[in-house]
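**Q** Handing you this structure, nothing more for now.
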Amino acid sequence: MSLPQPHPSPSARRPHAARVRFGSTLFPLSPLSPLALLIAALFPAGQALAQATAPQENLARLDEVLITAPAERPLPATAASLKADELRARRAASSDTASLLRDVPGVSLQGAGGVSSLPVIHGLADDRVRTKIDGMDLIASCPNHMNPALAYLDPSQVEAVQVYAGISPVSVGGDSIGGSIVVESSRPVFAQPGEAPLFKGEVGAHYRSNGHAQGANLNASYATETFSLNVSSALAKADNYRAGGDFKSSTVTGRAGHELARDEVGSTAYETRNHALNLAWKIDNHLIEAKLGYQDLPLQLYPNQRMDMLNNEQTRLNLRYLGAFDWGSLEARLYHEEVDHFMDFGADKRYWYGSNSGMGAVATPCAPLRFMGDPAGTCAAGMAMYSASKNTGARLKAEIQLTEQDLLRVGGEWQDYRLDDWWPASGGGMGPFAFQNINQGKRQRQALFGELEKQLDTQWQLLGGLRYEAVKTSAAAVHGYNLASAPLTGSAGAMNQTGEAVAFNNAARDKTDHNWDATLLARYTANATHSIEFGYAHKTRSPNLYERYTWSTAGMMATMNNFVGDGNGYVGNLLLKPEQADTLAATFDWHAADRSWEFKATPHYTRVKDYVDAVKTATWNPGKFNVLRYANQSARLYGLDLSGHVSLAQTAYGKFGLKGRLDYTHGKNRDTGDDLYNIMPLNTRLTLTHQHGGWDNAVELVAVKAKNDVSDVRNEIKTPGYGIVNLRGSYAWKQVRLDFGIENLFDRHYTLPLGGAYLGQGRTMSINPTDGTLAWGTAVPGMGRSLYTGINLKF
């Protein structure tokens with residue numbers, strides 16, 4: 001018996017004789033066995049695959065599958081199922097793992113650092129999207145969310161991705177309302193019985209002209225029949241990139257002797273190093289895995305944040321057991337992650353502040369650690385900010401084949417997250433003590449779920465699930481720069497730090513949320529060329545620690561708490577309730593019987609109760625950056641995703657095809673009538689493809705409508721529409737693959753609709769500086785023309 005894959009929906013059609021190969025052993029399968037049903041559901045009839053990719057966390061490699069029965073597609077149909085071969089073509093163009101999702105219907109990317117974009121699903125982003133890395137729920141430990149989950153994997157380390165847009169099963173994850181992204185790194189491989197140990201791998205490198213981006217990657221595996229070892233390492237770095245034209249009036253950075261050209265996008269450089277060691281043991285029908293990961297990221301500058309990430313170190317351990325039994329499969333997981341994170345002003349932003357540094361656009365270095373009230377004047381050396389977190393989690397899931405038509409999933413999850421966020425004294429108004437942004441923050445989750453898949457007949461499939469989560473959050477008392485300990489009485493103080501700390505410390509800070517999720521999905525297959533999938537989901541997300549427990553309204557401190565990149569400052573709210581989203585969606589699927597052509601249309605509608613939005617504070621002004629406070633309101637989002645592909649011609653010069661996607665999303669605050677922030681306008685991506693022998697080429701058109709529906713409370717910047725053309729090509733030999741292309745072929749200047757406000761240079765500590773180095777109204781531009789190439793050698 002082979003190691004099991006997680007079950008998709010079982011097929012009601014009785015499979016004929018089937019067999020599965022694991023290593024060199026060919027296992028016969030009974031027509032009624034759960035594993036035979038599983039394989040019949042996973043793979044089209046007669047297809048031989050080198051590996052299996054399940055719709056949820058994939059658990060083992062099947063080297064060969066031979067099957068003679070027709071099969072149903074898994075329920076729900078994911079918006080995208082990206083495998084290693086598909087991902088390989090996308091890696092050379094970007095070191096940002098989130099960019100691998102750029103072709104997925106309903107998904108857009110919120111701009112951040114060069115390797116830390118945030119996926120947006122139907123207008124919902126960041127913590128509203130559940131992102132799992134090898135089954136782990138990783139949490140951004142930064143007031144700017146500079147270290148999201150996908151940033152801990154290099155694109156070369158990703159083996160498979162599943163995206164559930166909008167409606168996702170309760171077994172995939174909770175504490176989110178926008179959908180789920182399940183990412184898997186390398187899977188264990190084993191030598192075939194009776195053969196010598198296996199040793200194989202891949203080494204590669206890439207270069208991109210814009211920003212002189214360069215990197216290298218290595219992946220190597222050694223395996224016997226029962227033991228598997230895999231190591232991977234990836235390095236990437238880049239300088240600032242240039243836009244397709246001048247986009248700003250100032251070249252000043254605030255540092256003497258350092259200026260930026262008017263087309264240079266400040267604070268877009270990065271350097272990152274990611275390493276992993278994976279071990280696995282196979283004993284009969286049982287698999288044990290241990291994955292260790294380490295990230296050393298010394299530099300990632302941010303064009304839409306006031307701070308830059310100058311160090312991020314993550315270590316993680318991920319243990320998993322998988323067992324196959326007569327009744328189904330059992331999976332257990334235990335993981336632990338630790339993050340040490342440091343921010344300050346990078347090379348393109350002013351570093352010296354205070355009266356002794358000069359009041360002009362360019363700062364003068366001065367004696368540091370001179371504070372307010374010092375008769376000799378003030379001087380601040382940057383603004384150091386530290387975050388440290390520990391994240392421990394466990395998961396137990398069983399899949400039970402009740403009958404040929406009924407599959408039950410049950411399980412539980414537990415997570416304990418601890419966070420400290422503090423800013424040491426650096427001079428001026430920042431001292432003489434440390435500022436406690438979040439002190440001893442805790443976020444604990446306990447969850448139980450149950451889910452049933454049922455095949456009613458050859459045309460109807462159903463999936464229903466229920467999930468309960470208890471989410472407990474808390475934080476200890478805090479103090480500002482002006483005090484050595486947390487005050488319980490007092491008022492005012494420098495920048496009103498004492499008064500606001502007292503109010504926070506005397507408030508009830510322990511919160512417990514009781515959250516329920518439910519999913520109900522159905523698929524009706526009318527015939528071999530048409531099906532419809534439709535469903536409803538109720539999803540709940542509790543506020544994160546930064547939304548609940550940040551406490552200072554002082555402009556300098558509040559602007560350091562911002563994970564949307566709009567230049568504003570944000571203050572937490574202890575009274576926030578969990579967001580509750582009700583989503584209706586349907587996917588109409590027309591296709592050829594062999595799926596040589598396909599067209600899908602997915603309308604979706606979501607209403608969110610207690611949506612965490614921003615409200616004005618007393619100092620709000622139009623056309624400027626402001627301090628805002630998080631508050632529960634009501635929101636509505638709706639839209640349409642279209643996607644498809646078609647074969648155009650098969651000639652002596654190769655196979656030509658066309659694929660494309662078009663997305664539209666609209667979001668509105670139902671309480672205020674304001675538009676929601678960072679909603680991607682109408683956009684399309686059309687690609688003419690060509691394949692011939694080892695060649696795989698494409699001409700890609702990206703077109704985006706102007707963004708005029710913007711959030712007024714955030715003074716969101718409008719962006720004009722644009723269109724750009726990209727060229728992509730590759731040639732593959734048996735052991736070597738060469739990728740090459742040109743992004744933004746005609747060097748068009750355009751601004752990113754989800755790129756946020758440009759804060760890449762100048763006096764970023766000041767919320768609205770008057771020295772001309774930084775002003776509201778400039779959006780982050782996209783990258784100008786860039787030639788790229790990548791090479792990979794297998795051994």
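FYI, nothing fancy with the structure tokens labels: chains A, B, ... in order, residues from 1 per chain, ligands from 1 as they appear.
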Can you pull out the residues contacting Leu574 of chain A? Cut-off 12 Å, using only C-alpha atoms, and skip same-chain residues under 6 positions away; I want them as JSON, numbers by chain.
**A** {"A": [473, 474, 475, 503, 504, 505, 506, 507, 508, 509, 510, 511, 512, 543, 544, 545, 546, 547, 548, 549, 550, 551, 629, 630, 631, 632]}
**Q** List every residue of segment 315-358 of chain A that has an atom at most 9 Å from any atom of segment 275-291 of chain A, and for each one report the closest atom pair and its distance in Å to one decimal, counting only C-alpha atoms, with rows sorted by chain and then by increasing residue number, as CSV.
**A**
residue,atom,partner,partner_atom,distance
A:Arg316,CA,A:Lys291,CA,8.0
A:Leu317,CA,A:Lys291,CA,5.8
A:Asn318,CA,A:Lys291,CA,5.0
A:Leu319,CA,A:Ala290,CA,4.6
A:Arg320,CA,A:Glu289,CA,5.1
A:Tyr321,CA,A:Ile288,CA,4.7
A:Leu322,CA,A:Leu287,CA,5.1
A:Gly323,CA,A:His286,CA,4.4
A:Ala324,CA,A:Asn285,CA,5.4
A:Phe325,CA,A:Asn285,CA,7.7
**Q** Mind dumping a table of every segment 70-150 of chain A residue within 12 Å of segment 701-719 of chain A, with the nearest atom pair and its distance in Å to one decimal, using only C-alpha atoms, sorted by chain and rising number, as CSV?
**A**
residue,atom,partner,partner_atom,distance
A:Arg102,CA,A:Val702,CA,10.8
A:Asp103,CA,A:Val702,CA,10.6
A:Ser108,CA,A:Val704,CA,11.6
**Q** Which of segment 597-731 of chain A end up as strand (DSSP E) when DSSP is run on this backbone - answer as a short mmCIF file (atom, residue, chain, number, x, y, z; two decimals) with N, CA, C and O atoms, in the first residue's frame?
**A**
data_model
loop_
_atom_site.label_atom_id
_atom_site.label_comp_id
_atom_site.auth_asym_id
_atom_site.auth_seq_id
_atom_site.Cartn_x
_atom_site.Cartn_y
_atom_site.Cartn_z
N GLU A 598 -10.99 26.18 -22.75
CA GLU A 598 -11.68 26.31 -21.47
C GLU A 598 -12.04 27.78 -21.25
O GLU A 598 -11.26 28.68 -21.57
N PHE A 599 -13.22 27.99 -20.70
CA PHE A 599 -13.63 29.35 -20.32
C PHE A 599 -14.39 29.25 -18.99
O PHE A 599 -15.30 28.45 -18.85
N LYS A 600 -13.96 30.09 -18.02
CA LYS A 600 -14.60 30.10 -16.71
C LYS A 600 -15.04 31.51 -16.37
O LYS A 600 -14.34 32.49 -16.66
N ALA A 601 -16.19 31.58 -15.71
CA ALA A 601 -16.72 32.86 -15.22
C ALA A 601 -17.10 32.66 -13.76
O ALA A 601 -17.87 31.74 -13.43
N THR A 602 -16.57 33.53 -12.88
CA THR A 602 -16.84 33.41 -11.45
C THR A 602 -17.34 34.74 -10.89
O THR A 602 -16.55 35.63 -10.57
N PRO A 603 -18.64 34.92 -10.77
CA PRO A 603 -19.16 36.07 -10.03
C PRO A 603 -19.06 35.79 -8.53
O PRO A 603 -19.22 34.65 -8.09
N HIS A 604 -18.80 36.83 -7.75
CA HIS A 604 -18.66 36.64 -6.30
C HIS A 604 -19.21 37.87 -5.57
O HIS A 604 -19.15 39.00 -6.06
N TYR A 605 -19.73 37.62 -4.38
CA TYR A 605 -20.31 38.69 -3.55
C TYR A 605 -19.98 38.39 -2.09
O TYR A 605 -20.19 37.28 -1.61
N THR A 606 -19.46 39.39 -1.39
CA THR A 606 -19.13 39.24 0.03
C THR A 606 -19.63 40.44 0.81
O THR A 606 -19.42 41.59 0.40
N ARG A 607 -20.29 40.17 1.94
CA ARG A 607 -20.68 41.22 2.88
C ARG A 607 -19.98 40.94 4.20
O ARG A 607 -20.03 39.82 4.70
N VAL A 608 -19.30 41.96 4.72
CA VAL A 608 -18.49 41.79 5.92
C VAL A 608 -19.08 42.62 7.05
O VAL A 608 -19.17 43.85 6.97
N LYS A 609 -19.49 41.94 8.10
CA LYS A 609 -19.92 42.60 9.33
C LYS A 609 -18.70 42.86 10.21
O LYS A 609 -17.82 42.03 10.33
N ASP A 610 -18.64 44.05 10.81
CA ASP A 610 -17.52 44.44 11.68
C ASP A 610 -16.19 44.44 10.93
O ASP A 610 -15.14 44.09 11.47
N TYR A 611 -16.23 44.86 9.67
CA TYR A 611 -15.02 45.03 8.86
C TYR A 611 -14.10 46.04 9.55
O TYR A 611 -14.52 47.11 9.97
N VAL A 612 -12.82 45.68 9.69
CA VAL A 612 -11.86 46.57 10.35
C VAL A 612 -11.36 47.58 9.32
O VAL A 612 -10.52 47.29 8.48
N ASP A 613 -11.92 48.79 9.41
CA ASP A 613 -11.54 49.88 8.51
C ASP A 613 -10.92 51.00 9.35
O ASP A 613 -10.69 50.84 10.56
N ALA A 614 -10.66 52.13 8.73
CA ALA A 614 -10.03 53.26 9.42
C ALA A 614 -11.03 54.41 9.53
O ALA A 614 -11.84 54.65 8.63
N VAL A 615 -10.95 55.15 10.66
CA VAL A 615 -11.77 56.34 10.85
C VAL A 615 -10.86 57.51 11.21
O VAL A 615 -9.73 57.34 11.67
N LYS A 616 -11.37 58.72 10.99
CA LYS A 616 -10.59 59.92 11.21
C LYS A 616 -10.36 60.17 12.71
O LYS A 616 -11.16 59.79 13.55
N VAL A 627 -3.25 60.65 10.94
CA VAL A 627 -3.34 59.58 11.94
C VAL A 627 -4.78 59.09 11.95
O VAL A 627 -5.71 59.88 12.12
N LEU A 628 -4.96 57.78 11.78
CA LEU A 628 -6.28 57.16 11.73
C LEU A 628 -6.38 56.11 12.82
O LEU A 628 -5.38 55.64 13.34
N ARG A 629 -7.61 55.75 13.14
CA ARG A 629 -7.83 54.73 14.16
C ARG A 629 -8.64 53.58 13.56
O ARG A 629 -9.57 53.79 12.77
N TYR A 630 -8.27 52.35 13.92
CA TYR A 630 -9.03 51.19 13.47
C TYR A 630 -10.41 51.18 14.12
O TYR A 630 -10.56 51.50 15.31
N ALA A 631 -11.43 50.79 13.36
CA ALA A 631 -12.79 50.70 13.88
C ALA A 631 -13.57 49.68 13.08
O ALA A 631 -13.31 49.46 11.89
N ASN A 632 -14.54 49.04 13.75
CA ASN A 632 -15.44 48.11 13.06
C ASN A 632 -16.50 48.86 12.29
O ASN A 632 -17.17 49.77 12.84
N GLN A 633 -16.67 48.50 11.03
CA GLN A 633 -17.75 49.06 10.21
C GLN A 633 -18.31 47.92 9.37
O GLN A 633 -18.09 46.75 9.68
N SER A 634 -19.05 48.24 8.34
CA SER A 634 -19.64 47.22 7.49
C SER A 634 -19.17 47.44 6.06
O SER A 634 -19.04 48.59 5.62
N ALA A 635 -18.88 46.35 5.36
CA ALA A 635 -18.34 46.47 4.01
C ALA A 635 -19.03 45.50 3.06
O ALA A 635 -19.59 44.48 3.48
N ARG A 636 -18.97 45.85 1.79
CA ARG A 636 -19.51 45.00 0.73
C ARG A 636 -18.51 44.95 -0.41
O ARG A 636 -17.98 45.98 -0.84
N LEU A 637 -18.23 43.75 -0.91
CA LEU A 637 -17.36 43.56 -2.06
C LEU A 637 -18.03 42.63 -3.05
O LEU A 637 -18.65 41.64 -2.67
N TYR A 638 -17.91 42.95 -4.32
CA TYR A 638 -18.44 42.06 -5.35
C TYR A 638 -17.60 42.21 -6.60
O TYR A 638 -16.86 43.19 -6.77
N GLY A 639 -17.70 41.23 -7.48
CA GLY A 639 -16.92 41.31 -8.70
C GLY A 639 -17.10 40.10 -9.58
O GLY A 639 -17.99 39.25 -9.37
N LEU A 640 -16.23 40.01 -10.59
CA LEU A 640 -16.31 38.96 -11.59
C LEU A 640 -14.90 38.59 -12.04
O LEU A 640 -14.10 39.48 -12.35
N ASP A 641 -14.61 37.30 -12.09
CA ASP A 641 -13.35 36.79 -12.64
C ASP A 641 -13.66 36.01 -13.91
O ASP A 641 -14.53 35.12 -13.91
N LEU A 642 -12.96 36.32 -14.99
CA LEU A 642 -13.06 35.58 -16.23
C LEU A 642 -11.68 35.02 -16.57
O LEU A 642 -10.67 35.72 -16.43
N SER A 643 -11.62 33.80 -17.03
CA SER A 643 -10.36 33.22 -17.44
C SER A 643 -10.60 32.14 -18.48
O SER A 643 -11.70 31.57 -18.57
N GLY A 644 -9.56 31.87 -19.27
CA GLY A 644 -9.70 30.83 -20.27
C GLY A 644 -8.46 30.64 -21.09
O GLY A 644 -7.49 31.40 -20.98
N HIS A 645 -8.48 29.60 -21.91
CA HIS A 645 -7.39 29.36 -22.85
C HIS A 645 -7.94 28.61 -24.04
O HIS A 645 -8.97 27.91 -23.96
N VAL A 646 -7.27 28.74 -25.18
CA VAL A 646 -7.70 28.08 -26.39
C VAL A 646 -6.48 27.81 -27.26
O VAL A 646 -5.53 28.59 -27.28
N SER A 647 -6.50 26.69 -27.95
CA SER A 647 -5.45 26.36 -28.91
C SER A 647 -5.81 27.00 -30.25
O SER A 647 -6.92 26.80 -30.77
N LEU A 648 -4.89 27.79 -30.80
CA LEU A 648 -5.17 28.52 -32.04
C LEU A 648 -4.78 27.74 -33.28
O LEU A 648 -5.52 27.71 -34.26
N ALA A 649 -3.59 27.13 -33.24
CA ALA A 649 -3.13 26.44 -34.43
C ALA A 649 -2.00 25.49 -34.08
O ALA A 649 -1.22 25.74 -33.17
N GLN A 650 -1.93 24.39 -34.83
CA GLN A 650 -0.83 23.44 -34.72
C GLN A 650 -0.17 23.39 -36.10
O GLN A 650 -0.76 22.91 -37.06
N THR A 651 1.05 23.93 -36.20
CA THR A 651 1.71 24.05 -37.49
C THR A 651 3.09 23.39 -37.42
O THR A 651 3.53 22.91 -36.38
N GLY A 654 5.20 24.93 -34.78
CA GLY A 654 4.86 24.78 -33.39
C GLY A 654 3.38 24.97 -33.12
O GLY A 654 2.56 25.20 -34.02
N LYS A 655 3.04 24.91 -31.83
CA LYS A 655 1.66 25.05 -31.37
C LYS A 655 1.45 26.46 -30.83
O LYS A 655 2.20 26.94 -29.99
N PHE A 656 0.41 27.12 -31.32
CA PHE A 656 0.08 28.47 -30.90
C PHE A 656 -1.21 28.45 -30.08
O PHE A 656 -2.15 27.71 -30.40
N GLY A 657 -1.24 29.25 -29.03
CA GLY A 657 -2.42 29.31 -28.19
C GLY A 657 -2.62 30.69 -27.60
O GLY A 657 -1.76 31.57 -27.71
N LEU A 658 -3.76 30.86 -26.98
CA LEU A 658 -4.10 32.13 -26.34
C LEU A 658 -4.70 31.84 -24.98
O LEU A 658 -5.56 30.96 -24.84
N LYS A 659 -4.22 32.52 -23.96
CA LYS A 659 -4.81 32.41 -22.63
C LYS A 659 -4.97 33.79 -22.05
O LYS A 659 -4.28 34.74 -22.45
N GLY A 660 -5.89 33.90 -21.10
CA GLY A 660 -6.11 35.23 -20.53
C GLY A 660 -6.97 35.18 -19.28
O GLY A 660 -7.55 34.15 -18.93
N ARG A 661 -7.01 36.32 -18.62
CA ARG A 661 -7.85 36.50 -17.44
C ARG A 661 -8.28 37.95 -17.39
O ARG A 661 -7.59 38.86 -17.87
N LEU A 662 -9.45 38.18 -16.81
CA LEU A 662 -9.96 39.53 -16.59
C LEU A 662 -10.64 39.54 -15.24
O LEU A 662 -11.45 38.66 -14.94
N ASP A 663 -10.28 40.53 -14.41
CA ASP A 663 -10.82 40.61 -13.05
C ASP A 663 -11.42 41.98 -12.81
O ASP A 663 -10.88 43.02 -13.22
N TYR A 664 -12.54 41.95 -12.11
CA TYR A 664 -13.17 43.20 -11.66
C TYR A 664 -13.64 43.00 -10.23
O TYR A 664 -14.30 42.01 -9.91
N THR A 665 -13.28 43.96 -9.35
CA THR A 665 -13.73 43.93 -7.96
C THR A 665 -14.12 45.34 -7.55
O THR A 665 -13.43 46.32 -7.90
N HIS A 666 -15.20 45.46 -6.81
CA HIS A 666 -15.64 46.75 -6.27
C HIS A 666 -15.89 46.58 -4.78
O HIS A 666 -16.51 45.62 -4.34
N GLY A 667 -15.36 47.51 -3.99
CA GLY A 667 -15.53 47.45 -2.54
C GLY A 667 -16.04 48.75 -1.97
O GLY A 667 -15.58 49.83 -2.35
N LYS A 668 -17.00 48.68 -1.06
CA LYS A 668 -17.64 49.87 -0.49
C LYS A 668 -17.83 49.69 1.02
O LYS A 668 -18.20 48.62 1.49
N ASN A 669 -17.56 50.77 1.75
CA ASN A 669 -17.89 50.82 3.18
C ASN A 669 -19.38 51.16 3.28
O ASN A 669 -19.79 52.26 2.90
N ASN A 683 -8.87 44.91 -14.69
CA ASN A 683 -7.56 44.60 -15.28
C ASN A 683 -7.65 43.30 -16.06
O ASN A 683 -8.49 42.43 -15.79
N THR A 684 -6.76 43.18 -17.04
CA THR A 684 -6.73 41.97 -17.85
C THR A 684 -5.29 41.61 -18.19
O THR A 684 -4.40 42.47 -18.19
N ARG A 685 -5.07 40.35 -18.44
CA ARG A 685 -3.76 39.84 -18.86
C ARG A 685 -4.01 38.84 -19.99
O ARG A 685 -4.64 37.80 -19.78
N LEU A 686 -3.54 39.15 -21.19
CA LEU A 686 -3.70 38.29 -22.36
C LEU A 686 -2.33 37.82 -22.82
O LEU A 686 -1.39 38.62 -22.93
N THR A 687 -2.23 36.52 -23.12
CA THR A 687 -0.93 35.95 -23.47
C THR A 687 -1.06 35.08 -24.71
O THR A 687 -1.87 34.15 -24.76
N LEU A 688 -0.26 35.41 -25.71
CA LEU A 688 -0.13 34.58 -26.91
C LEU A 688 1.03 33.63 -26.68
O LEU A 688 2.16 34.06 -26.43
N THR A 689 0.76 32.32 -26.74
CA THR A 689 1.77 31.33 -26.40
C THR A 689 2.24 30.58 -27.64
O THR A 689 1.50 30.44 -28.63
N HIS A 690 3.48 30.09 -27.57
CA HIS A 690 4.05 29.31 -28.68
C HIS A 690 4.93 28.22 -28.08
O HIS A 690 5.80 28.50 -27.23
N GLN A 691 4.73 27.00 -28.52
CA GLN A 691 5.54 25.86 -28.07
C GLN A 691 6.00 25.07 -29.29
O GLN A 691 5.22 24.77 -30.19
N HIS A 692 7.30 24.76 -29.29
CA HIS A 692 7.84 23.98 -30.41
C HIS A 692 9.11 23.30 -29.93
O HIS A 692 10.11 23.96 -29.61
N TRP A 695 11.24 24.75 -27.13
CA TRP A 695 10.90 26.17 -26.99
C TRP A 695 9.54 26.36 -26.32
O TRP A 695 8.60 25.63 -26.59
N ASP A 696 9.48 27.37 -25.48
CA ASP A 696 8.21 27.76 -24.86
C ASP A 696 8.25 29.29 -24.74
O ASP A 696 8.98 29.85 -23.92
N ASN A 697 7.47 29.98 -25.59
CA ASN A 697 7.56 31.43 -25.71
C ASN A 697 6.20 32.08 -25.50
O ASN A 697 5.15 31.43 -25.64
N ALA A 698 6.21 33.37 -25.16
CA ALA A 698 4.95 34.07 -24.92
C ALA A 698 5.12 35.57 -25.14
O ALA A 698 6.18 36.14 -24.86
N VAL A 699 4.06 36.18 -25.64
CA VAL A 699 3.92 37.63 -25.70
C VAL A 699 2.73 37.98 -24.83
O VAL A 699 1.63 37.47 -25.05
N GLU A 700 2.95 38.85 -23.85
CA GLU A 700 1.94 39.10 -22.81
C GLU A 700 1.56 40.58 -22.80
O GLU A 700 2.43 41.45 -22.77
N LEU A 701 0.27 40.84 -22.79
CA LEU A 701 -0.26 42.19 -22.66
C LEU A 701 -0.96 42.32 -21.32
O LEU A 701 -1.84 41.53 -21.00
N VAL A 702 -0.55 43.33 -20.54
CA VAL A 702 -1.20 43.64 -19.26
C VAL A 702 -1.85 45.00 -19.39
O VAL A 702 -1.18 45.99 -19.72
N ALA A 703 -3.14 45.08 -19.14
CA ALA A 703 -3.87 46.33 -19.25
C ALA A 703 -4.67 46.56 -17.98
O ALA A 703 -5.36 45.65 -17.50
N VAL A 704 -4.59 47.77 -17.43
CA VAL A 704 -5.24 48.12 -16.17
C VAL A 704 -5.98 49.43 -16.33
O VAL A 704 -5.42 50.41 -16.85
N TYR A 722 -3.12 52.00 -17.64
CA TYR A 722 -1.89 51.76 -18.40
C TYR A 722 -1.97 50.41 -19.09
O TYR A 722 -2.82 49.57 -18.79
N GLY A 723 -1.04 50.23 -20.02
CA GLY A 723 -0.86 48.94 -20.67
C GLY A 723 0.62 48.71 -20.92
O GLY A 723 1.33 49.63 -21.33
N ILE A 724 1.10 47.51 -20.64
CA ILE A 724 2.49 47.17 -20.89
C ILE A 724 2.57 45.82 -21.60
O ILE A 724 1.63 45.01 -21.52
N VAL A 725 3.67 45.61 -22.29
CA VAL A 725 3.90 44.37 -23.02
C VAL A 725 5.14 43.69 -22.46
O VAL A 725 6.17 44.32 -22.23
N ASN A 726 5.03 42.37 -22.22
CA ASN A 726 6.15 41.57 -21.74
C ASN A 726 6.44 40.45 -22.74
O ASN A 726 5.51 39.89 -23.33
N LEU A 727 7.70 40.16 -22.92
CA LEU A 727 8.13 39.03 -23.76
C LEU A 727 8.79 37.98 -22.88
O LEU A 727 9.61 38.32 -22.02
N ARG A 728 8.44 36.72 -23.10
CA ARG A 728 9.02 35.64 -22.31
C ARG A 728 9.40 34.49 -23.24
O ARG A 728 8.71 34.21 -24.22
N GLY A 729 10.51 33.83 -22.90
CA GLY A 729 10.93 32.69 -23.69
C GLY A 729 11.76 31.74 -22.85
O GLY A 729 12.33 32.11 -21.82
N SER A 730 11.81 30.49 -23.30
CA SER A 730 12.65 29.51 -22.63
C SER A 730 12.98 28.40 -23.61
O SER A 730 12.24 28.16 -24.59
N TYR A 731 14.11 27.75 -23.34
CA TYR A 731 14.45 26.55 -24.10
C TYR A 731 14.97 25.52 -23.11
O TYR A 731 15.81 25.82 -22.25
#
**Q** Just how far from atom CA of Val182 of chain A is atom CA of Asn311 of chain A, in Å to one decimal?
**A**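 According to the coordinates, atom CA of Asn311 of chain A and atom CA of Val182 of chain A are separated by 26.5 Å.
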**Q** Do a neighbour search on segment 529-542 of chain A at 9 Å with only C-alpha atoms, toss out local chain neighbours closer than 5 positions, and write the hits as a PyMOL selection string.
**A** chain A and resi 75-77+127-128+166-170+174-178+459+471+513+515-524+576-595
**Q** Would you export the selected residues with C-alpha atoms as an mmCIF file, in the first residue's frame, please?
**A**
data_model
loop_
_atom_site.group_PDB
_atom_site.id
_atom_site.type_symbol
_atom_site.label_atom_id
_atom_site.label_comp_id
_atom_site.auth_asym_id
_atom_site.auth_seq_id
_atom_site.Cartn_x
_atom_site.Cartn_y
_atom_site.Cartn_z
ATOM 1 C CA LEU A 75 -14.312 19.934 -4.828
ATOM 2 C CA PRO A 76 -13.877 22.821 -4.504
ATOM 3 C CA ALA A 77 -12.129 23.626 -7.748
ATOM 4 C CA ASP A 127 -4.202 38.607 7.460
ATOM 5 C CA ARG A 128 -7.586 38.325 5.753
ATOM 6 C CA GLY A 166 -13.196 33.369 -1.960
ATOM 7 C CA ILE A 167 -14.691 30.106 -0.684
ATOM 8 C CA SER A 168 -12.324 27.640 0.929
ATOM 9 C CA PRO A 169 -13.029 24.427 2.867
ATOM 10 C CA VAL A 170 -12.974 24.695 6.660
ATOM 11 C CA GLY A 174 -9.730 29.445 9.614
ATOM 12 C CA ASP A 175 -9.169 32.919 11.066
ATOM 13 C CA SER A 176 -9.473 34.479 7.605
ATOM 14 C CA ILE A 177 -12.215 35.823 5.353
ATOM 15 C CA GLY A 178 -10.645 36.255 1.901
ATOM 16 C CA GLN A 459 -23.569 14.648 -11.759
ATOM 17 C CA VAL A 471 -9.064 33.165 19.757
ATOM 18 C CA ASP A 513 -13.452 35.605 20.553
ATOM 19 C CA ASN A 515 -15.625 32.285 16.006
ATOM 20 C CA TRP A 516 -17.633 30.028 13.714
ATOM 21 C CA ASP A 517 -16.944 29.155 10.075
ATOM 22 C CA ALA A 518 -19.210 27.234 7.734
ATOM 23 C CA THR A 519 -18.861 26.197 4.092
ATOM 24 C CA LEU A 520 -21.397 24.613 1.771
ATOM 25 C CA LEU A 521 -20.412 23.849 -1.817
ATOM 26 C CA ALA A 522 -21.991 21.934 -4.671
ATOM 27 C CA ARG A 523 -20.967 21.035 -8.182
ATOM 28 C CA TYR A 524 -23.355 20.026 -10.945
ATOM 29 C CA LEU A 576 -12.490 45.697 17.963
ATOM 30 C CA LYS A 577 -14.728 42.724 17.249
ATOM 31 C CA PRO A 578 -13.920 39.871 14.833
ATOM 32 C CA GLU A 579 -14.753 40.385 11.169
ATOM 33 C CA GLN A 580 -17.578 38.150 9.895
ATOM 34 C CA ALA A 581 -17.862 37.635 6.155
ATOM 35 C CA ASP A 582 -20.677 35.983 4.236
ATOM 36 C CA THR A 583 -19.704 35.028 0.694
ATOM 37 C CA LEU A 584 -21.704 33.756 -2.261
ATOM 38 C CA ALA A 585 -19.856 32.605 -5.373
ATOM 39 C CA ALA A 586 -20.362 30.463 -8.443
ATOM 40 C CA THR A 587 -18.039 29.208 -11.174
ATOM 41 C CA PHE A 588 -19.465 28.459 -14.611
ATOM 42 C CA ASP A 589 -17.088 26.186 -16.492
ATOM 43 C CA TRP A 590 -17.352 25.597 -20.245
ATOM 44 C CA HIS A 591 -14.653 23.445 -21.804
ATOM 45 C CA ALA A 592 -13.789 20.870 -24.418
ATOM 46 C CA ALA A 593 -14.051 17.267 -23.322
ATOM 47 C CA ASP A 594 -10.257 17.076 -23.312
ATOM 48 C CA ARG A 595 -9.943 20.669 -21.955
#
**Q** Give the answer as one residue: which of A:Ala149, A:Ile767, A:Ile400, A:Leu466 has the shortest atom-to-atom distance to Ala554 of chain A, using only C-alpha atoms?
**A**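 So, comparing all the options, the nearest one is A:Ile767.
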